[in-house]
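Below is the file data_31.txt, which contains compact mmCIF, C-alpha atoms.
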# COMPACT_ATOMS: atom_id res chain seq x y z
CA MET A 702 153.75 111.89 113.99
CA ARG A 703 151.42 110.56 111.36
CA PRO A 704 147.79 110.41 112.63
CA ARG A 705 146.33 106.94 112.88
CA SER A 706 143.99 106.12 110.04
CA PRO A 707 140.34 105.75 111.09
CA TYR A 708 139.98 102.94 108.56
CA ARG A 709 140.53 99.36 109.48
CA LEU A 710 141.59 97.36 106.48
CA GLY A 711 140.94 93.65 106.61
CA VAL A 712 143.25 90.95 105.30
CA HIS A 713 140.94 90.39 102.33
CA ASN A 714 142.69 90.76 99.01
CA LEU A 715 141.53 93.31 96.50
CA LYS A 716 141.07 90.44 94.11
CA ARG A 717 140.36 86.93 95.27
CA LYS A 718 142.37 83.98 94.02
CA ASP A 719 139.50 82.56 92.01
CA ASP A 720 138.98 85.97 90.42
CA SER A 721 135.23 85.67 91.03
CA MET A 722 134.95 88.73 93.27
CA SER A 723 136.83 91.98 93.23
CA ILE A 724 136.28 95.22 95.06
CA LYS A 725 137.69 98.74 94.85
CA ILE A 726 138.92 99.56 98.35
CA GLU A 727 139.45 103.25 97.53
CA LYS A 728 135.80 103.51 96.51
CA LEU A 729 134.77 101.94 99.83
CA LYS A 730 136.82 104.56 101.72
CA GLN A 731 135.05 107.23 99.71
CA ILE A 732 131.68 105.81 100.76
CA ILE A 733 132.73 106.18 104.41
CA GLU A 734 133.92 109.76 103.89
CA GLU A 735 130.57 110.63 102.33
CA LEU A 736 128.72 109.00 105.23
CA LYS A 737 130.60 111.29 107.62
CA GLU A 738 129.62 114.33 105.58
CA ASP A 739 125.98 113.36 105.09
CA LEU A 740 125.17 112.05 108.57
CA GLY A 741 127.50 114.26 110.65
CA ASN A 742 127.32 113.37 114.34
CA GLY A 743 124.53 110.93 113.53
CA PHE A 744 127.10 108.59 111.99
CA VAL A 745 128.23 106.08 114.64
CA SER A 746 129.91 103.20 112.82
CA THR A 747 130.09 101.21 109.60
CA ASP A 748 131.61 98.00 108.22
CA ILE A 749 131.75 96.60 104.70
CA TRP A 750 132.30 92.87 104.25
CA ALA A 751 132.07 89.98 101.80
CA THR A 752 129.11 87.75 102.61
CA ALA A 753 131.23 84.63 102.07
CA ASP A 754 133.76 85.66 104.76
CA ALA A 755 131.81 87.86 107.23
CA GLN A 756 135.07 89.72 107.92
CA SER A 757 135.21 93.49 107.71
CA LEU A 758 137.15 94.83 104.71
CA VAL A 759 136.84 98.50 105.61
CA GLY A 760 135.23 99.96 108.70
CA TYR A 761 134.78 103.03 110.86
CA ASN A 762 134.48 102.26 114.58
CA SER A 763 134.39 98.70 113.30
CA GLN A 764 132.27 96.08 115.10
CA PRO A 765 133.43 92.58 114.09
CA LYS A 766 130.90 90.75 116.26
CA ALA A 767 128.03 92.68 114.68
CA VAL A 768 129.39 91.88 111.20
CA ALA A 769 129.32 88.15 111.90
CA LEU A 770 125.84 88.26 113.45
CA PHE A 771 124.21 90.47 110.83
CA ASN A 772 125.72 88.30 108.12
CA GLU A 773 123.69 85.47 109.65
CA VAL A 774 120.56 87.63 110.02
CA THR A 775 120.72 88.51 106.31
CA ARG A 776 121.05 84.84 105.35
CA MET A 777 118.16 83.91 107.67
CA LEU A 778 115.93 86.68 106.31
CA ASP A 779 116.52 85.75 102.69
CA LYS A 780 115.88 82.06 103.37
CA THR A 781 112.77 82.51 105.53
CA LEU A 782 111.18 85.08 103.22
CA LYS A 783 111.62 82.79 100.23
CA ASN A 784 110.31 79.77 102.14
CA ALA A 785 107.23 81.79 103.14
CA GLU A 786 106.46 82.74 99.52
CA PHE A 787 107.37 86.38 100.09
CA PRO A 788 109.47 88.16 97.49
CA GLY A 789 113.18 87.72 98.26
CA LEU A 790 115.25 90.15 100.28
CA GLY A 791 115.89 93.43 98.45
CA ASP A 792 118.84 95.80 98.83
CA TYR A 793 118.52 96.65 102.52
CA TYR A 794 116.84 96.28 105.89
CA LEU A 795 116.66 98.62 108.88
CA VAL A 796 116.37 97.79 112.56
CA HIS A 797 115.32 100.44 115.06
CA LEU A 798 117.03 100.06 118.45
CA ASP A 799 115.93 100.85 121.98
CA ASN A 800 118.26 103.85 122.28
CA ASN A 801 116.86 105.59 119.17
CA HIS A 802 119.70 104.31 117.00
CA LEU A 803 119.12 102.56 113.71
CA VAL A 804 121.10 99.72 112.13
CA VAL A 805 120.99 99.73 108.34
CA ILE A 806 122.22 96.64 106.49
CA LEU A 807 122.77 96.96 102.75
CA SER A 808 123.26 93.93 100.57
CA ILE A 809 124.72 94.33 97.08
CA GLY A 810 125.81 91.22 95.21
CA ALA A 811 128.39 89.35 97.27
CA TYR A 812 128.96 92.24 99.71
CA GLN A 813 127.16 93.79 102.66
CA GLN A 814 127.48 97.00 104.63
CA SER A 815 126.23 97.88 108.11
CA ILE A 816 125.67 101.48 109.18
CA LEU A 817 124.82 102.44 112.75
CA VAL A 818 123.03 105.79 112.96
CA ASP A 819 122.04 107.96 115.94
CA LEU A 820 118.56 109.23 115.02
CA SER A 821 118.72 111.99 117.64
CA LYS A 822 121.48 113.61 115.55
CA THR A 823 120.18 113.16 112.01
CA THR A 824 116.84 112.57 110.28
CA MET A 825 115.16 109.64 108.54
CA GLY A 826 114.79 111.96 105.53
CA ILE A 827 118.57 112.35 105.18
CA LEU A 828 119.08 108.65 105.73
CA MET A 829 116.43 107.37 103.32
CA SER A 830 116.57 110.02 100.60
CA VAL A 831 120.24 111.01 100.58
CA VAL A 832 122.42 108.39 102.24
CA LEU A 833 120.80 105.11 101.19
CA PRO A 834 120.67 105.78 97.42
CA LYS A 835 124.22 107.16 97.50
CA VAL A 836 125.68 104.22 99.45
CA LEU A 837 123.83 101.66 97.30
CA SER A 838 125.17 103.15 94.09
CA GLY A 839 128.66 103.51 95.65
CA LEU A 840 128.66 99.83 96.63
CA GLU A 841 127.50 98.81 93.17
CA GLU A 842 130.30 100.82 91.62
CA ALA A 843 132.91 99.44 94.04
CA THR A 844 131.92 95.85 93.34
CA LYS A 845 131.57 96.07 89.54
CA MET B 236 85.71 99.17 123.18
CA GLU B 237 89.34 98.36 122.34
CA SER B 238 88.50 96.31 119.24
CA GLU B 239 87.19 99.53 117.73
CA SER B 240 90.54 101.20 118.31
CA LEU B 241 92.26 98.45 116.26
CA TYR B 242 89.65 98.93 113.54
CA LYS B 243 90.44 102.64 113.56
CA ILE B 244 94.17 101.90 113.30
CA ILE B 245 93.58 99.91 110.11
CA ASP B 246 91.18 102.53 108.80
CA SER B 247 93.68 105.36 109.16
CA LEU B 248 96.43 103.16 107.73
CA VAL B 249 94.34 102.62 104.60
CA GLN B 250 93.82 106.36 104.39
CA ASP B 251 97.56 107.06 104.75
CA LEU B 252 98.89 104.39 102.39
CA GLY B 253 95.95 103.87 100.01
CA ASP B 254 96.65 101.15 97.44
CA GLY B 255 100.21 101.00 98.77
CA LEU B 256 98.97 98.86 101.66
CA VAL B 257 98.94 95.25 100.45
CA ALA B 258 98.41 93.43 103.76
CA THR B 259 98.58 93.92 107.51
CA ASP B 260 98.09 91.88 110.66
CA ILE B 261 97.92 92.94 114.30
CA TRP B 262 98.56 90.33 116.94
CA ILE B 263 99.69 90.02 120.53
CA ASP B 264 103.32 89.19 121.26
CA GLY B 265 103.83 85.45 121.68
CA GLU B 266 100.53 84.53 120.01
CA ARG B 267 99.96 83.10 116.55
CA GLU B 268 96.48 84.41 115.76
CA SER B 269 95.63 87.72 114.16
CA LEU B 270 93.43 90.22 116.01
CA VAL B 271 92.87 92.30 112.89
CA GLU B 272 93.99 91.48 109.40
CA LEU B 273 93.77 92.95 105.95
CA ARG B 274 94.75 90.85 102.95
CA GLY B 275 95.23 92.23 99.48
CA ARG B 276 95.61 90.08 96.39
CA GLY B 277 98.88 88.19 96.29
CA SER B 278 99.70 88.70 99.97
CA PRO B 279 101.46 85.61 101.32
CA PRO B 280 99.92 83.68 104.24
CA GLY B 281 101.74 82.76 107.45
CA ALA B 282 103.11 86.23 108.18
CA ILE B 283 102.62 86.03 111.96
CA ASP B 284 104.68 82.86 112.45
CA LEU B 285 107.29 84.17 110.04
CA PHE B 286 107.75 87.54 111.73
CA ASN B 287 107.60 86.08 115.24
CA ASP B 288 110.65 84.03 114.19
CA VAL B 289 112.39 86.92 112.45
CA THR B 290 111.85 89.21 115.47
CA LYS B 291 113.32 86.58 117.77
CA ASN B 292 116.37 86.10 115.52
CA VAL B 293 117.03 89.82 115.07
CA ASP B 294 116.73 90.43 118.82
CA LYS B 295 119.13 87.56 119.50
CA ALA B 296 121.65 88.95 116.99
CA LEU B 297 121.45 92.43 118.53
CA LYS B 298 122.06 91.08 122.01
CA GLY B 299 124.91 88.91 120.73
CA ALA B 300 126.55 91.97 119.19
CA ASP B 301 126.18 93.93 122.49
CA PHE B 302 123.72 96.32 120.84
CA PRO B 303 120.66 97.70 122.66
CA GLY B 304 117.51 95.62 122.16
CA LEU B 305 114.95 96.05 119.38
CA GLY B 306 113.18 99.40 119.37
CA HIS B 307 109.81 100.19 117.81
CA TYR B 308 110.20 98.67 114.36
CA TYR B 309 112.24 97.01 111.64
CA ILE B 310 111.87 97.43 107.90
CA ILE B 311 112.83 94.93 105.21
CA ASN B 312 113.19 96.00 101.60
CA LEU B 313 111.95 93.21 99.30
CA SER B 314 112.65 92.62 95.65
CA GLY B 315 109.83 93.92 93.44
CA ASN B 316 109.72 97.35 95.14
CA HIS B 317 107.85 96.09 98.22
CA LEU B 318 108.63 96.64 101.89
CA VAL B 319 107.79 94.78 105.05
CA VAL B 320 107.45 96.83 108.24
CA VAL B 321 107.16 95.09 111.60
CA LEU B 322 106.09 97.25 114.54
CA LEU B 323 106.61 96.42 118.20
CA ALA B 324 104.47 98.50 120.54
CA GLY B 325 103.92 97.21 124.07
CA SER B 326 102.25 93.80 123.76
CA PHE B 327 101.16 94.44 120.18
CA ARG B 328 102.93 93.35 117.03
CA GLN B 329 101.91 94.59 113.59
CA TYR B 330 103.18 93.65 110.18
CA LEU B 331 102.61 95.69 107.02
CA LEU B 332 103.33 94.69 103.44
CA VAL B 333 103.70 97.88 101.40
CA ASP B 334 103.88 98.37 97.64
CA LEU B 335 106.29 101.27 97.14
CA SER B 336 105.13 101.82 93.57
CA LYS B 337 101.78 102.98 95.03
CA THR B 338 102.93 105.12 97.96
CA THR B 339 106.11 106.93 99.06
CA MET B 340 108.76 106.31 101.70
CA GLY B 341 108.00 109.80 103.03
CA ILE B 342 104.37 108.93 103.76
CA LEU B 343 105.34 105.59 105.26
CA ILE B 344 108.17 106.86 107.48
CA SER B 345 106.89 110.32 108.42
CA VAL B 346 103.13 109.81 108.54
CA ALA B 347 102.02 106.17 108.76
CA LEU B 348 104.71 104.84 111.12
CA PRO B 349 104.48 107.50 113.85
CA ASN B 350 100.65 107.30 113.71
CA LEU B 351 100.71 103.53 114.07
CA ILE B 352 103.26 103.42 116.88
CA SER B 353 101.31 105.93 118.93
CA ALA B 354 97.92 104.31 118.23
CA LEU B 355 99.18 100.83 119.09
CA ALA B 356 100.85 102.10 122.25
CA ASN B 357 97.48 103.54 123.33
CA ALA B 358 95.51 100.36 122.63
CA LYS B 359 95.24 98.00 125.56
CA ALA B 360 96.26 94.47 124.69
CA LYS B 361 94.52 92.90 127.70
CA GLU B 362 91.10 94.28 126.82
CA VAL B 363 91.51 93.39 123.16
CA LYS B 364 92.37 89.83 124.14
CA GLN B 365 89.23 89.61 126.27
CA SER B 366 87.02 91.01 123.53
CA ARG B 367 88.10 88.43 120.94
CA GLY B 368 85.17 86.17 121.71
CA THR B 369 82.55 88.78 120.89
CA SER B 370 80.80 87.92 117.66
CA GLY B 371 80.33 91.57 116.69
CA PHE B 372 84.06 92.07 116.66
CA TRP B 373 84.70 89.15 114.34
CA LYS B 374 81.84 90.18 112.05
CA LEU B 375 83.45 93.58 111.82
CA LEU B 376 86.78 92.03 110.89
CA SER B 377 85.41 89.57 108.39
CA SER B 378 83.85 92.41 106.43
CA TRP B 379 87.21 94.15 106.32
CA SER B 380 89.22 92.92 103.38
CA MET B 381 90.80 94.32 100.25
CA GLY B 382 89.64 91.92 97.61
CA GLY B 383 91.45 89.08 99.30
CA HIS B 384 90.21 86.98 102.18
CA THR B 385 89.98 87.17 105.93
CA ASP B 386 89.76 83.93 107.85
CA ASN B 387 89.11 85.17 111.33
CA SER B 388 85.90 83.26 111.75
CA GLU B 389 85.87 81.13 114.87

Take the structure in this file and express it as structure tokens.
Amino acid sequence: MRPRSPYRLGVHNLKRKDDSMSIKIEKLKQIIEELKEDLGNGFVSTDIWATADAQSLVGYNSQPKAVALFNEVTRMLDKTLKNAEFPGLGDYYLVHLDNNHLVVILSIGAYQQSILVDLSKTTMGILMSVVLPKVLSGLEEATK
Amino acid sequence: MESESLYKIIDSLVQDLGDGLVATDIWIDGERESLVELRGRGSPPGAIDLFNDVTKNVDKALKGADFPGLGHYYIINLSGNHLVVVLLAGSFRQYLLVDLSKTTMGILISVALPNLISALANAKAKEVKQSRGTSGFWKLLSSWSMGGHTDNSE
């Protein structure tokens, strides 16, 4: 019997009707494989989505509710920072959780990615110096 | 005196981050006034109200997504190679605006953050609140700025 794929593919087309956004799904799967390798047991879940839809395109232990809510948090952050004369939102933000997990939200162009990390099973060094730069460049490449 | 412990927190933060520290505020959860602030040139005003709102919204989103609540901090990468760090330690809240072209993520994450979280956890919010009226405390704070302004005068 063929093993069930860990990836959950959304109904989003590879290329949208208006041709304004396109994404390489294979590249997104590669990003997830690399996350598994780099974070090991510290890797809990991830989702990649288009900001306009807030629906996961590719995920691992996908969390649809979190996708919808963090999509809103990103929008709120960008708006409130700009209104307060701060520089606009950059490529990512991190939220430390009560149970020593960390949520990382990356925002590249019209797409976002969430990564949930267990900090008791990996280090901030791996996350910040290895994973983040790699995922950011992977997302850029996938959305070119 | 607890106000001195906040002063020391800022002092060691300046030592850790050097010119990378653009601005910081320490305040008590639910309040809108700064206990200690440091303002570098170009640091935007209104940070306390802003990050009280952001903290509330992030916490609401986490709960809505069935995640555990907010832990000790959140970090926001800003355009222009700057970062905002918001720390939550007991009753204290602290915001830092950091210029990453003048310090490193390693110093921020591995040195400054753990130092701050532990120092804030050891400070006693109640006593600090009571000591706010003492003129010596405010004189101390008003002399503490990085070329910008402090407006803590009562």

Identify all chain A residues at most 12 Å from chain B by counting all atoms listed in the file; ligands do not count. Present them as a PyMOL selection string. chain A and resi 763-808+817+824-830+833

Pick out the residues sitting within 12 Å of Ile261 (chain B), and hand them over as a ChimeraX atom specification; count all atoms listed in the file, and ignore anything fewer than 3 positions along from it in its own chain. /B:238,240-242,244-245,258,264,266-274,282-283,286-287,320-324,326-331,351,355,358,360,363-364,376

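For the atom pair formed by CA of Leu736 (chain A) and CA of Tyr812 (chain A), the distance is 17.6 Å, given to one decimal.
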
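For the point (99.4, 106.2, 102.0) in file coordinates, the residues within 8 Å, using only C-alpha atoms, are Leu248, Val249, Gln250, Asp251, Leu252, Gly253, Asp254, Gly255, Leu256, Thr338, Thr339, Ile342, Leu343 and Ala347 of chain B.
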
Mind checking which residues fall within 10 Å of Glu841 (chain A), counting only C-alpha atoms, ignoring those fewer than 3 positions away in the same chain, and posting them as a ChimeraX atom specification? /A:724,808-810,812,835-838,844-845

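We find CA of Thr747 (chain A) and CA of Ile732 (chain A) to be spaced 10.1 Å apart.
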
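CA of Asp748 (chain A) to CA of Lys730 (chain A) spans 10.6 Å [interatomic distance, one decimal].
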
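Remark: for Ile352 (chain B), the closest of the candidate residues B:Asp246, B:Gly325, B:Lys291, B:Val257 is B:Gly325 (distances computed over all atoms listed in the file).
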